[in-house]
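Read the structure below first, then the notes.
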Amino acid sequence: MRVGAFVLAAQFPGQGQGEALHRAVRTAEVGEESGLDSVWLAEHHFVPYGTCPSAVTLAGLLLGRTRRIRVGTAVSVLPNTHPVALGEQAALLHLLSGGRFSLGVGRGGPWVDLEVFGSGLQAYERDFPESLDLLLRWLREPRVSADGERFRFREVPVVPRTDELIGGAGGPEVVVACTSAKSVRLAAERGLPMLLGMHCGDEEKAEMVALWRTYAIAAGHTPEEAAGVGHVSAGVAQIADSPTEATETLVKAMPGWLRQGLDAHVTVDGRHRSMRDPVGYTELLCGLHPVGPPRLAADRLAATAERTGITRFALLVEGSGDLVATEENVRRIGAEVLPRL
């Protein structure tokens, strides 16, 4: 079982952006001190839902401040950047961290980001597979050219190459955020692990893992290869002495953050957006994930692993919105939950 923190650098009502980012950094530092396996960094643009606009930049800072913990992006929004630029940054972090970096990528949404960065709606709706394949080639090959619908350029050398890691082999792990059968198939055909969202319950995640396996084997991957892929389950964790106390902590803080954060998303083309009820969504998350005393939290993680086959977790630990409470939450996960797993 590999338990990590999922860090959004969320800006709660009444907080400044610097406060949110400082809490994100401290979460990673305390996570390493407490024995967590990893920290996964979200990327958002122009919204207080998450104040980190560059997950790879924050990953670089945290890799420099830590020595053991794995640092990953969850996710870098691929339509907003050139895959070669992202590949170069990933290769750099992979080499300089001694192989502690994981690159999570996703399609993002139909947000105004696409207008601001000039990538356009097609980068979201059509071009994600092409971008992903170019990124993978950059991380695996010594020289790369492109002749696709979106990217065209002559052959150039890859510098730095990911296989230059001293004492290691291969490039950084690449994980794909999956929310639909289409994205599951995309990841499976390439043999890439999935990052599954915290809004999904165990049954839905188990179905997506089974579908991934079916697609992977149909694409030529062996059953043994498929079984060895480490998917990641996102969730929420809040440790307290009783389920009521843990739930109350999150229900008191998270709806305000969700309301202002999700309301701030603007679509690039004016399409209708359906919004979750913030209180109902918080209560749903409390029911699905390790929210409660340490034994309940450990039992829920173990149950998810048994039902889905997923043994890697990225848990949102900043749901209280408070720095001191977040640090204490991480320490309790390390001291009281991990030993039970």
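Labels used: A, B, ... for chains in the order of the structure tokens, numbers from 1 for residues in each chain, and numbers from 1 for ligands as shown.
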When you look at segment 8-18 of chain A with a cut-off of 10 Å (counting only C-alpha atoms), what residues show up, excluding the ones that are within fewer than 2 positions of it in the same chain? I need them as number ranges by chain.
A: 5-6, 20-25, 27, 40-44, 47-53, 55, 74, 253-261, 316-322
Write to file, as a compact mmCIF listing (two decimals), in the first residue's frame, the residues of the selection just made, with N, CA, C and O atoms.
```txt
# COMPACT_ATOMS: atom_id res chain seq x y z
N ALA A 5 -0.17 12.25 -0.54
CA ALA A 5 -1.05 13.41 -0.40
C ALA A 5 -1.36 13.99 -1.77
O ALA A 5 -0.52 14.02 -2.67
N PHE A 6 -2.60 14.45 -1.93
CA PHE A 6 -3.05 15.14 -3.14
C PHE A 6 -3.19 16.61 -2.77
O PHE A 6 -4.00 16.97 -1.91
N ALA A 20 -2.27 29.83 0.59
CA ALA A 20 -2.60 28.53 0.01
C ALA A 20 -1.35 27.82 -0.51
O ALA A 20 -1.17 26.61 -0.32
N LEU A 21 -0.47 28.55 -1.15
CA LEU A 21 0.75 27.95 -1.69
C LEU A 21 1.71 27.52 -0.58
O LEU A 21 2.36 26.48 -0.67
N HIS A 22 1.79 28.31 0.49
CA HIS A 22 2.64 27.94 1.62
C HIS A 22 2.13 26.64 2.25
O HIS A 22 2.93 25.76 2.61
N ARG A 23 0.82 26.51 2.38
CA ARG A 23 0.25 25.28 2.93
C ARG A 23 0.58 24.08 2.04
O ARG A 23 0.84 22.98 2.53
N ALA A 24 0.59 24.29 0.73
CA ALA A 24 0.94 23.21 -0.19
C ALA A 24 2.37 22.73 0.03
O ALA A 24 2.64 21.53 0.08
N VAL A 25 3.28 23.67 0.19
CA VAL A 25 4.68 23.31 0.41
C VAL A 25 4.85 22.57 1.74
O VAL A 25 5.54 21.54 1.82
N THR A 27 2.66 20.84 3.30
CA THR A 27 2.05 19.52 3.22
C THR A 27 3.06 18.50 2.70
O THR A 27 3.17 17.39 3.22
N TRP A 40 1.16 14.53 -4.73
CA TRP A 40 0.67 14.76 -6.09
C TRP A 40 0.12 16.17 -6.18
O TRP A 40 -0.72 16.57 -5.37
N LEU A 41 0.58 16.94 -7.16
CA LEU A 41 0.32 18.37 -7.24
C LEU A 41 -0.64 18.69 -8.38
O LEU A 41 -0.39 18.33 -9.54
N ALA A 42 -1.71 19.38 -8.06
CA ALA A 42 -2.69 19.77 -9.07
C ALA A 42 -2.26 21.06 -9.76
O ALA A 42 -1.46 21.83 -9.24
N GLU A 43 -2.84 21.28 -10.94
CA GLU A 43 -2.58 22.50 -11.72
C GLU A 43 -3.90 23.12 -12.15
O GLU A 43 -4.76 22.43 -12.70
N HIS A 44 -4.07 24.39 -11.85
CA HIS A 44 -5.27 25.12 -12.26
C HIS A 44 -4.88 26.52 -12.72
O HIS A 44 -3.82 27.03 -12.32
N VAL A 47 -8.29 30.40 -11.22
CA VAL A 47 -9.37 30.10 -10.28
C VAL A 47 -8.81 29.84 -8.89
O VAL A 47 -7.70 29.29 -8.77
N PRO A 48 -9.55 30.19 -7.84
CA PRO A 48 -9.08 29.90 -6.48
C PRO A 48 -9.26 28.44 -6.07
O PRO A 48 -8.83 28.06 -4.98
N TYR A 49 -9.91 27.63 -6.91
CA TYR A 49 -10.03 26.19 -6.62
C TYR A 49 -8.65 25.59 -6.36
O TYR A 49 -8.47 24.76 -5.48
N GLY A 50 -7.67 26.05 -7.15
CA GLY A 50 -6.27 25.68 -6.93
C GLY A 50 -5.39 26.80 -7.42
O GLY A 50 -5.60 27.32 -8.52
N THR A 51 -4.43 27.21 -6.62
CA THR A 51 -3.64 28.41 -6.94
C THR A 51 -2.29 28.08 -7.56
O THR A 51 -1.47 28.98 -7.75
N CYS A 52 -2.04 26.81 -7.89
CA CYS A 52 -0.78 26.43 -8.53
C CYS A 52 -1.00 26.36 -10.04
O CYS A 52 -1.67 25.44 -10.52
N PRO A 53 -0.42 27.28 -10.83
CA PRO A 53 -0.61 27.26 -12.28
C PRO A 53 0.40 26.38 -13.01
O PRO A 53 0.27 26.17 -14.21
N ALA A 55 2.26 22.78 -12.17
CA ALA A 55 2.57 21.68 -11.27
C ALA A 55 4.03 21.24 -11.39
O ALA A 55 4.64 20.84 -10.40
N ALA A 74 -0.62 16.04 -10.80
CA ALA A 74 -1.94 15.43 -10.86
C ALA A 74 -3.01 16.49 -11.09
O ALA A 74 -3.81 16.76 -10.24
N ALA A 253 -15.67 23.56 6.21
CA ALA A 253 -14.70 24.32 5.42
C ALA A 253 -14.81 24.12 3.91
O ALA A 253 -14.69 25.08 3.13
N MET A 254 -15.02 22.89 3.47
CA MET A 254 -14.91 22.60 2.05
C MET A 254 -15.99 23.23 1.17
O MET A 254 -15.69 23.66 0.04
N PRO A 255 -17.25 23.29 1.59
CA PRO A 255 -18.26 23.87 0.70
C PRO A 255 -17.97 25.31 0.27
O PRO A 255 -18.22 25.68 -0.88
N GLY A 256 -17.45 26.12 1.18
CA GLY A 256 -17.11 27.49 0.81
C GLY A 256 -16.03 27.54 -0.24
O GLY A 256 -16.10 28.34 -1.19
N TRP A 257 -15.02 26.70 -0.08
CA TRP A 257 -13.95 26.62 -1.08
C TRP A 257 -14.49 26.10 -2.41
O TRP A 257 -14.19 26.66 -3.47
N LEU A 258 -15.27 25.03 -2.37
CA LEU A 258 -15.82 24.47 -3.60
C LEU A 258 -16.71 25.47 -4.32
O LEU A 258 -16.64 25.60 -5.56
N ARG A 259 -17.53 26.18 -3.56
CA ARG A 259 -18.45 27.12 -4.19
C ARG A 259 -17.71 28.23 -4.93
O ARG A 259 -17.97 28.50 -6.10
N GLN A 260 -16.76 28.86 -4.26
CA GLN A 260 -16.05 29.97 -4.92
C GLN A 260 -15.08 29.45 -5.97
O GLN A 260 -14.85 30.09 -7.01
N GLY A 261 -14.52 28.28 -5.75
CA GLY A 261 -13.54 27.74 -6.69
C GLY A 261 -14.16 27.24 -7.97
O GLY A 261 -13.69 27.55 -9.07
N LEU A 316 -6.47 14.03 -0.61
CA LEU A 316 -6.58 15.44 -0.28
C LEU A 316 -6.58 15.59 1.23
O LEU A 316 -7.50 15.12 1.91
N VAL A 317 -5.57 16.26 1.77
CA VAL A 317 -5.42 16.36 3.22
C VAL A 317 -5.64 17.77 3.74
O VAL A 317 -5.58 18.01 4.95
N GLU A 318 -5.89 18.73 2.84
CA GLU A 318 -6.02 20.13 3.22
C GLU A 318 -7.47 20.59 3.31
O GLU A 318 -7.76 21.77 3.24
N GLY A 319 -8.39 19.63 3.48
CA GLY A 319 -9.81 19.96 3.45
C GLY A 319 -10.29 20.86 4.57
O GLY A 319 -11.35 21.48 4.47
N SER A 320 -9.51 20.97 5.64
CA SER A 320 -9.86 21.88 6.73
C SER A 320 -9.60 23.33 6.35
O SER A 320 -10.16 24.25 6.95
N GLY A 321 -8.71 23.53 5.37
CA GLY A 321 -8.33 24.88 4.97
C GLY A 321 -7.37 25.57 5.91
O GLY A 321 -6.97 26.71 5.67
N ASP A 322 -6.94 24.87 6.94
CA ASP A 322 -6.09 25.47 7.98
C ASP A 322 -4.71 24.82 7.95
O ASP A 322 -4.60 23.59 7.87
```
Any idea what's packed within 6 Å of segment 83-91 of chain A, counting only C-alpha atoms, ignoring anything in its chain fewer than 3 positions away? Could you give it as a VMD selection string?
chain A and resid 94 131 135 162
Between A:Val330, A:Leu195, A:Ala297, A:Leu132, which is the closest to Ser34 of chain A once you count only C-alpha atoms?
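Among the listed residues, the smallest separation from Ser34 of chain A belongs to A:Val330.
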Given only C-alpha atoms as the counted atoms, nearest of A:Leu285, A:Leu96, A:Ile310, A:Ala188 to Leu250 of chain A:
A:Leu285
Proximity to Asn80 of chain A - best of A:Leu58, A:Leu186, A:Val105, A:Ala302, only C-alpha atoms
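Counting only C-alpha atoms, the residue closest to Asn80 of chain A is A:Val105.
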Exercise: Ser180 of chain A partners within 12 Å, only C-alpha atoms, chain neighbours under 6 positions left out, as a count of residues only
16
Which is closest to Val236 of chain A among A:Thr311, A:Asn329, A:Thr222, A:Thr214, if we use only C-alpha atoms?
A:Asn329
Please list as a ChimeraX atom specification every residue within 6 Å of Leu95 of chain A, counting only C-alpha atoms and excluding residues in the same chain fewer than 3 positions away.
/A:92,98,165
